[in-house]
>>> print(open('my_file.txt').read())   # compact mmCIF, C-alpha atoms
# COMPACT_ATOMS: atom_id res chain seq x y z
CA MET A 1 -11.40 9.79 23.22
CA ALA A 2 -11.55 10.43 19.48
CA LYS A 3 -8.41 9.94 17.45
CA ARG A 4 -7.27 13.12 15.72
CA LEU A 5 -6.80 13.30 11.99
CA PRO A 6 -3.22 13.49 10.70
CA SER A 7 -1.77 16.88 9.86
CA ALA A 8 -1.17 17.87 6.25
CA PRO A 9 1.85 16.01 4.89
CA PRO A 10 4.69 18.35 3.96
CA VAL A 11 6.03 18.67 0.45
CA LEU A 12 9.50 17.12 0.52
CA ALA A 13 11.91 17.49 -2.38
CA GLY A 14 12.78 14.08 -3.81
CA TYR A 15 9.79 12.33 -2.19
CA SER A 16 6.20 11.63 -3.22
CA TYR A 17 3.52 11.43 -0.55
CA VAL A 18 1.59 8.14 -0.48
CA ARG A 19 -0.61 7.96 2.64
CA PRO A 20 -0.73 8.49 6.41
CA LEU A 21 0.63 5.71 8.63
CA GLY A 22 -0.15 6.99 12.12
CA THR A 23 -0.68 9.87 14.48
CA GLY A 24 0.75 10.66 17.88
CA GLY A 25 0.82 13.38 20.48
CA PHE A 26 3.80 15.21 18.97
CA ALA A 27 4.17 13.89 15.43
CA ASP A 28 2.54 12.17 12.49
CA VAL A 29 4.07 9.43 10.38
CA PHE A 30 3.47 9.25 6.64
CA LEU A 31 4.40 6.84 3.90
CA TYR A 32 6.43 8.48 1.12
CA GLU A 33 8.19 7.09 -1.90
CA GLN A 34 11.71 8.35 -2.43
CA ASP A 35 12.43 9.27 -6.05
CA LEU A 36 16.08 8.24 -6.19
CA PRO A 37 16.92 5.64 -5.13
CA ARG A 38 13.32 4.47 -5.47
CA ARG A 39 12.10 3.03 -2.16
CA VAL A 40 9.24 3.49 0.26
CA THR A 41 10.02 5.31 3.50
CA ALA A 42 8.30 6.27 6.72
CA VAL A 43 8.52 10.00 7.41
CA LYS A 44 7.95 11.25 10.95
CA VAL A 45 6.93 14.92 10.99
CA LEU A 46 6.56 17.03 14.14
CA LEU A 47 3.22 18.77 14.53
CA ALA A 48 3.31 22.50 13.76
CA ASP A 49 1.86 23.47 17.16
CA VAL A 50 4.66 21.71 19.10
CA VAL A 51 7.59 23.15 17.13
CA ASP A 52 9.54 25.42 19.46
CA PRO A 53 13.25 25.65 20.35
CA GLU A 54 12.99 22.76 22.86
CA ALA A 55 11.17 20.53 20.35
CA ARG A 56 13.84 21.28 17.73
CA ARG A 57 16.57 20.39 20.24
CA SER A 58 14.81 17.12 21.13
CA PHE A 59 14.36 16.38 17.43
CA THR A 60 18.08 16.85 16.80
CA VAL A 61 18.96 14.59 19.74
CA GLU A 62 16.58 11.89 18.43
CA ALA A 63 17.96 12.13 14.88
CA ASP A 64 21.56 11.89 16.10
CA ALA A 65 20.75 8.94 18.38
CA MET A 66 18.94 7.09 15.60
CA ALA A 67 21.86 7.67 13.24
CA ARG A 68 24.32 6.19 15.76
CA LEU A 69 22.13 3.15 16.31
CA SER A 70 20.78 2.45 12.84
CA ALA A 71 23.59 0.05 11.87
CA HIS A 72 22.03 -2.51 14.26
CA PRO A 73 19.78 -4.98 12.38
CA SER A 74 16.97 -4.63 14.93
CA ILE A 75 16.92 -0.83 14.98
CA VAL A 76 15.17 1.13 12.26
CA THR A 77 17.51 2.88 9.81
CA ILE A 78 17.32 6.65 9.49
CA HIS A 79 18.02 7.96 5.99
CA GLN A 80 17.65 11.73 6.45
CA ALA A 81 16.65 14.44 8.92
CA SER A 82 15.75 17.99 7.97
CA ILE A 83 13.23 20.81 8.21
CA SER A 84 10.36 20.94 5.71
CA ALA A 85 9.46 24.10 3.78
CA ASP A 86 6.64 24.75 6.27
CA GLY A 87 9.12 24.72 9.19
CA ARG A 88 8.39 21.27 10.63
CA PRO A 89 11.32 18.96 11.47
CA TYR A 90 11.09 15.50 9.91
CA LEU A 91 12.92 12.18 9.91
CA VAL A 92 13.01 9.88 6.87
CA MET A 93 13.28 6.29 8.06
CA GLU A 94 13.22 2.75 6.82
CA TYR A 95 9.61 1.59 6.36
CA CYS A 96 8.88 -1.55 8.39
CA PRO A 97 5.32 -2.65 7.52
CA GLY A 98 4.99 -5.73 9.74
CA SER A 99 4.62 -4.47 13.31
CA LEU A 100 4.86 -6.55 16.45
CA GLY A 101 1.66 -4.94 17.73
CA ALA A 102 -0.28 -6.13 14.68
CA LYS A 103 1.04 -9.68 15.12
CA ALA A 104 0.10 -9.74 18.80
CA LYS A 105 -3.45 -8.56 18.05
CA ARG A 106 -3.99 -11.50 15.70
CA GLY A 107 -3.59 -13.93 18.59
CA PRO A 108 -0.99 -15.88 20.53
CA MET A 109 2.42 -16.05 18.90
CA PRO A 110 4.57 -19.19 18.83
CA TYR A 111 7.00 -19.50 21.74
CA ASP A 112 10.10 -19.62 19.52
CA GLU A 113 9.04 -16.44 17.69
CA VAL A 114 8.46 -14.57 20.98
CA LEU A 115 11.85 -15.74 22.24
CA ASP A 116 13.55 -14.60 19.02
CA ILE A 117 11.90 -11.18 19.26
CA GLY A 118 13.01 -10.85 22.89
CA VAL A 119 16.62 -11.68 22.00
CA ARG A 120 16.63 -9.14 19.14
CA MET A 121 15.10 -6.46 21.40
CA ALA A 122 17.69 -7.16 24.09
CA GLY A 123 20.47 -6.84 21.51
CA ALA A 124 19.12 -3.49 20.35
CA LEU A 125 18.86 -2.26 23.95
CA GLU A 126 22.40 -3.42 24.66
CA THR A 127 23.64 -1.51 21.61
CA ALA A 128 21.87 1.64 22.82
CA HIS A 129 23.49 1.29 26.25
CA ARG A 130 26.95 0.82 24.69
CA THR A 131 26.54 4.14 22.82
CA GLY A 132 25.66 5.92 26.04
CA LEU A 133 21.90 6.23 25.60
>>> encode(input="my_file.txt", output="structure tokens")
Amino acid sequence: MAKRLPSAPPVLAGYSYVRPLGTGGFADVFLYEQDLPRRVTAVKVLLADVVDPEARRSFTVEADAMARLSAHPSIVTIHQASISADGRPYLVMEYCPGSLGAKAKRGPMPYDEVLDIGVRMAGALETAHRTGL
């Protein structure tokens, strides 16, 4: 199955588009640079053809959940959630360039590193459960 091309990145006030990061079934993720304070961010944008009242409700639930959890050191921080000028909901998040998937593809990981990752993931999951998710 061929991978689809990313949608057009939205124009976001206070942010400069850099490049696409990934595509999914319901959203694309782009790298943007925030103007002030200057930092790189990952921006998840819903696809135009999936935006309906239910998608907007799900988006709001996701944004609220991420905001409640983002104080945890192993959960990505959300900086902003809004609707772009073209009507697509988006989330501005902390950019985390080193993914676990990329590390795993390079080959076997050291035992102590895998154990550390497992403990951090369990802590994040425990935090989510404590907030009722």
>>> atom_distance(input="my_file.txt", atom1="atom CA of A:Arg68", atom2="atom CA of A:Met121")
16.6 Å
>>> atom_distance(input="my_file.txt", atom1="atom CA of A:Arg130", atom2="atom CA of A:Met66")
13.6 Å
>>> closest_residue(input="my_file.txt", among="A:Met109, A:Ala13, A:Asp35, A:Glu94", to="A:Pro73", atoms="all atoms listed in the file")
A:Glu94
>>> residues_around(input="my_file.txt", residues="A:Phe59", least_positions_apart="2", cutoff="12 Å", atoms="all atoms listed in the file", output="number ranges by chain")
A: 26-27, 44-47, 50-57, 61-66, 81-83, 88-91
>>> residues_near_point(input="my_file.txt", point="(13.1, 1.3, 16.3)", cutoff="10 Å", atoms="all atoms listed in the file", output="VMD selection string")
chain A and resid 66 69 to 70 72 to 78 93 to 94 96 121 124
>>> atom_distance(input="my_file.txt", atom1="atom CA of A:Leu36", atom2="atom CA of A:Gly14")
7.1 Å
>>> residues_near_point(input="my_file.txt", point="(-10.1, 11.2, 16.6)", cutoff="12 Å", atoms="only C-alpha atoms", output="list in words")
Met1, Ala2, Lys3, Arg4, Leu5, Pro6, Gly22, Thr23, Gly24 and Gly25 of chain A
>>> closest_residue(input="my_file.txt", among="A:Ser7, A:Leu21, A:Glu33, A:Val92", to="A:Asp49", atoms="all atoms listed in the file")
A:Ser7
>>> closest_residue(input="my_file.txt", among="A:Ala71, A:Gln80, A:Arg106, A:Ser58", to="A:Gln34", atoms="only C-alpha atoms")
A:Gln80
>>> decode(input="my_file.txt", residues="stretch 61-104 of chain A", atoms="N, CA and C atoms", output="PDB file, in the first residue's frame")
ATOM      1  N   VAL A  61     -11.237  16.346  23.463  1.00  0.00           N
ATOM      2  CA  VAL A  61     -10.958  15.368  24.514  1.00  0.00           C
ATOM      3  C   VAL A  61      -9.461  15.049  24.557  1.00  0.00           C
ATOM      4  N   GLU A  62      -8.845  14.833  23.384  1.00  0.00           N
ATOM      5  CA  GLU A  62      -7.411  14.537  23.319  1.00  0.00           C
ATOM      6  C   GLU A  62      -6.589  15.708  23.849  1.00  0.00           C
ATOM      7  N   ALA A  63      -6.921  16.924  23.436  1.00  0.00           N
ATOM      8  CA  ALA A  63      -6.178  18.111  23.888  1.00  0.00           C
ATOM      9  C   ALA A  63      -6.281  18.264  25.404  1.00  0.00           C
ATOM     10  N   ASP A  64      -7.475  18.101  25.951  1.00  0.00           N
ATOM     11  CA  ASP A  64      -7.661  18.222  27.400  1.00  0.00           C
ATOM     12  C   ASP A  64      -6.894  17.138  28.153  1.00  0.00           C
ATOM     13  N   ALA A  65      -6.940  15.915  27.644  1.00  0.00           N
ATOM     14  CA  ALA A  65      -6.216  14.809  28.287  1.00  0.00           C
ATOM     15  C   ALA A  65      -4.711  15.058  28.255  1.00  0.00           C
ATOM     16  N   MET A  66      -4.203  15.492  27.110  1.00  0.00           N
ATOM     17  CA  MET A  66      -2.767  15.766  27.007  1.00  0.00           C
ATOM     18  C   MET A  66      -2.357  16.881  27.959  1.00  0.00           C
ATOM     19  N   ALA A  67      -3.186  17.890  28.095  1.00  0.00           N
ATOM     20  CA  ALA A  67      -2.874  19.002  28.996  1.00  0.00           C
ATOM     21  C   ALA A  67      -2.800  18.526  30.443  1.00  0.00           C
ATOM     22  N   ARG A  68      -3.717  17.639  30.845  1.00  0.00           N
ATOM     23  CA  ARG A  68      -3.697  17.118  32.216  1.00  0.00           C
ATOM     24  C   ARG A  68      -2.469  16.260  32.477  1.00  0.00           C
ATOM     25  N   LEU A  69      -1.979  15.586  31.452  1.00  0.00           N
ATOM     26  CA  LEU A  69      -0.882  14.639  31.636  1.00  0.00           C
ATOM     27  C   LEU A  69       0.500  15.215  31.345  1.00  0.00           C
ATOM     28  N   SER A  70       0.571  16.363  30.698  1.00  0.00           N
ATOM     29  CA  SER A  70       1.855  16.822  30.181  1.00  0.00           C
ATOM     30  C   SER A  70       2.861  17.253  31.242  1.00  0.00           C
ATOM     31  N   ALA A  71       2.494  17.320  32.500  1.00  0.00           N
ATOM     32  CA  ALA A  71       3.472  17.614  33.547  1.00  0.00           C
ATOM     33  C   ALA A  71       4.376  16.412  33.824  1.00  0.00           C
ATOM     34  N   HIS A  72       3.955  15.217  33.393  1.00  0.00           N
ATOM     35  CA  HIS A  72       4.766  14.008  33.616  1.00  0.00           C
ATOM     36  C   HIS A  72       5.982  14.035  32.686  1.00  0.00           C
ATOM     37  N   PRO A  73       7.178  13.727  33.187  1.00  0.00           N
ATOM     38  CA  PRO A  73       8.385  13.809  32.355  1.00  0.00           C
ATOM     39  C   PRO A  73       8.429  12.829  31.185  1.00  0.00           C
ATOM     40  N   SER A  74       7.612  11.802  31.198  1.00  0.00           N
ATOM     41  CA  SER A  74       7.610  10.825  30.104  1.00  0.00           C
ATOM     42  C   SER A  74       6.408  10.964  29.185  1.00  0.00           C
ATOM     43  N   ILE A  75       5.685  12.061  29.319  1.00  0.00           N
ATOM     44  CA  ILE A  75       4.526  12.333  28.460  1.00  0.00           C
ATOM     45  C   ILE A  75       4.777  13.654  27.750  1.00  0.00           C
ATOM     46  N   VAL A  76       4.572  13.650  26.447  1.00  0.00           N
ATOM     47  CA  VAL A  76       4.856  14.838  25.643  1.00  0.00           C
ATOM     48  C   VAL A  76       4.031  16.033  26.135  1.00  0.00           C
ATOM     49  N   THR A  77       4.666  17.195  26.149  1.00  0.00           N
ATOM     50  CA  THR A  77       4.013  18.427  26.604  1.00  0.00           C
ATOM     51  C   THR A  77       3.229  19.065  25.465  1.00  0.00           C
ATOM     52  N   ILE A  78       2.002  19.454  25.763  1.00  0.00           N
ATOM     53  CA  ILE A  78       1.193  20.180  24.790  1.00  0.00           C
ATOM     54  C   ILE A  78       1.292  21.672  25.125  1.00  0.00           C
ATOM     55  N   HIS A  79       1.573  22.483  24.109  1.00  0.00           N
ATOM     56  CA  HIS A  79       1.724  23.918  24.301  1.00  0.00           C
ATOM     57  C   HIS A  79       0.455  24.690  23.939  1.00  0.00           C
ATOM     58  N   GLN A  80      -0.280  24.203  22.943  1.00  0.00           N
ATOM     59  CA  GLN A  80      -1.444  24.949  22.453  1.00  0.00           C
ATOM     60  C   GLN A  80      -2.355  24.008  21.674  1.00  0.00           C
ATOM     61  N   ALA A  81      -3.633  24.329  21.643  1.00  0.00           N
ATOM     62  CA  ALA A  81      -4.612  23.635  20.803  1.00  0.00           C
ATOM     63  C   ALA A  81      -5.553  24.695  20.253  1.00  0.00           C
ATOM     64  N   SER A  82      -5.851  24.592  18.955  1.00  0.00           N
ATOM     65  CA  SER A  82      -6.723  25.591  18.355  1.00  0.00           C
ATOM     66  C   SER A  82      -7.248  25.079  17.015  1.00  0.00           C
ATOM     67  N   ILE A  83      -7.881  25.967  16.281  1.00  0.00           N
ATOM     68  CA  ILE A  83      -8.395  25.678  14.946  1.00  0.00           C
ATOM     69  C   ILE A  83      -7.664  26.604  13.975  1.00  0.00           C
ATOM     70  N   SER A  84      -7.105  26.045  12.911  1.00  0.00           N
ATOM     71  CA  SER A  84      -6.378  26.855  11.932  1.00  0.00           C
ATOM     72  C   SER A  84      -7.361  27.665  11.087  1.00  0.00           C
ATOM     73  N   ALA A  85      -6.835  28.610  10.333  1.00  0.00           N
ATOM     74  CA  ALA A  85      -7.672  29.473   9.492  1.00  0.00           C
ATOM     75  C   ALA A  85      -8.467  28.670   8.470  1.00  0.00           C
ATOM     76  N   ASP A  86      -7.935  27.491   8.061  1.00  0.00           N
ATOM     77  CA  ASP A  86      -8.654  26.670   7.088  1.00  0.00           C
ATOM     78  C   ASP A  86      -9.623  25.683   7.753  1.00  0.00           C
ATOM     79  N   GLY A  87      -9.843  25.830   9.084  1.00  0.00           N
ATOM     80  CA  GLY A  87     -10.851  25.043   9.786  1.00  0.00           C
ATOM     81  C   GLY A  87     -10.391  23.721  10.357  1.00  0.00           C
ATOM     82  N   ARG A  88      -9.088  23.429  10.281  1.00  0.00           N
ATOM     83  CA  ARG A  88      -8.594  22.160  10.812  1.00  0.00           C
ATOM     84  C   ARG A  88      -8.080  22.325  12.246  1.00  0.00           C
ATOM     85  N   PRO A  89      -8.546  21.480  13.166  1.00  0.00           N
ATOM     86  CA  PRO A  89      -8.014  21.513  14.535  1.00  0.00           C
ATOM     87  C   PRO A  89      -6.542  21.093  14.534  1.00  0.00           C
ATOM     88  N   TYR A  90      -5.770  21.696  15.436  1.00  0.00           N
ATOM     89  CA  TYR A  90      -4.354  21.324  15.548  1.00  0.00           C
ATOM     90  C   TYR A  90      -3.894  21.398  17.000  1.00  0.00           C
ATOM     91  N   LEU A  91      -2.862  20.611  17.287  1.00  0.00           N
ATOM     92  CA  LEU A  91      -2.202  20.588  18.587  1.00  0.00           C
ATOM     93  C   LEU A  91      -0.747  20.981  18.380  1.00  0.00           C
ATOM     94  N   VAL A  92      -0.235  21.892  19.181  1.00  0.00           N
ATOM     95  CA  VAL A  92       1.187  22.241  19.165  1.00  0.00           C
ATOM     96  C   VAL A  92       1.812  21.539  20.364  1.00  0.00           C
ATOM     97  N   MET A  93       2.790  20.688  20.073  1.00  0.00           N
ATOM     98  CA  MET A  93       3.395  19.856  21.110  1.00  0.00           C
ATOM     99  C   MET A  93       4.908  19.992  21.129  1.00  0.00           C
ATOM    100  N   GLU A  94       5.467  19.545  22.219  1.00  0.00           N
ATOM    101  CA  GLU A  94       6.912  19.420  22.352  1.00  0.00           C
ATOM    102  C   GLU A  94       7.424  18.518  21.222  1.00  0.00           C
ATOM    103  N   TYR A  95       8.524  18.900  20.610  1.00  0.00           N
ATOM    104  CA  TYR A  95       9.131  18.090  19.551  1.00  0.00           C
ATOM    105  C   TYR A  95      10.149  17.151  20.194  1.00  0.00           C
ATOM    106  N   CYS A  96       9.971  15.861  19.984  1.00  0.00           N
ATOM    107  CA  CYS A  96      10.844  14.832  20.547  1.00  0.00           C
ATOM    108  C   CYS A  96      11.468  14.053  19.389  1.00  0.00           C
ATOM    109  N   PRO A  97      12.649  14.464  18.914  1.00  0.00           N
ATOM    110  CA  PRO A  97      13.211  13.881  17.696  1.00  0.00           C
ATOM    111  C   PRO A  97      13.696  12.438  17.810  1.00  0.00           C
ATOM    112  N   GLY A  98      14.135  11.994  18.948  1.00  0.00           N
ATOM    113  CA  GLY A  98      14.658  10.625  19.056  1.00  0.00           C
ATOM    114  C   GLY A  98      13.573   9.644  19.432  1.00  0.00           C
ATOM    115  N   SER A  99      13.032   8.919  18.461  1.00  0.00           N
ATOM    116  CA  SER A  99      11.916   8.016  18.759  1.00  0.00           C
ATOM    117  C   SER A  99      12.408   6.627  19.136  1.00  0.00           C
ATOM    118  N   LEU A 100      11.624   5.958  19.952  1.00  0.00           N
ATOM    119  CA  LEU A 100      11.919   4.588  20.351  1.00  0.00           C
ATOM    120  C   LEU A 100      11.901   3.663  19.139  1.00  0.00           C
ATOM    121  N   GLY A 101      10.974   3.893  18.224  1.00  0.00           N
ATOM    122  CA  GLY A 101      10.897   3.069  17.016  1.00  0.00           C
ATOM    123  C   GLY A 101      12.170   3.131  16.201  1.00  0.00           C
ATOM    124  N   ALA A 102      12.735   4.326  16.063  1.00  0.00           N
ATOM    125  CA  ALA A 102      13.986   4.481  15.302  1.00  0.00           C
ATOM    126  C   ALA A 102      15.126   3.745  15.987  1.00  0.00           C
ATOM    127  N   LYS A 103      15.193   3.817  17.314  1.00  0.00           N
ATOM    128  CA  LYS A 103      16.238   3.103  18.060  1.00  0.00           C
ATOM    129  C   LYS A 103      16.112   1.595  17.868  1.00  0.00           C
ATOM    130  N   ALA A 104      14.899   1.097  17.942  1.00  0.00           N
ATOM    131  CA  ALA A 104      14.670  -0.346  17.824  1.00  0.00           C
ATOM    132  C   ALA A 104      15.030  -0.858  16.435  1.00  0.00           C
TER     133      ALA A 104
END
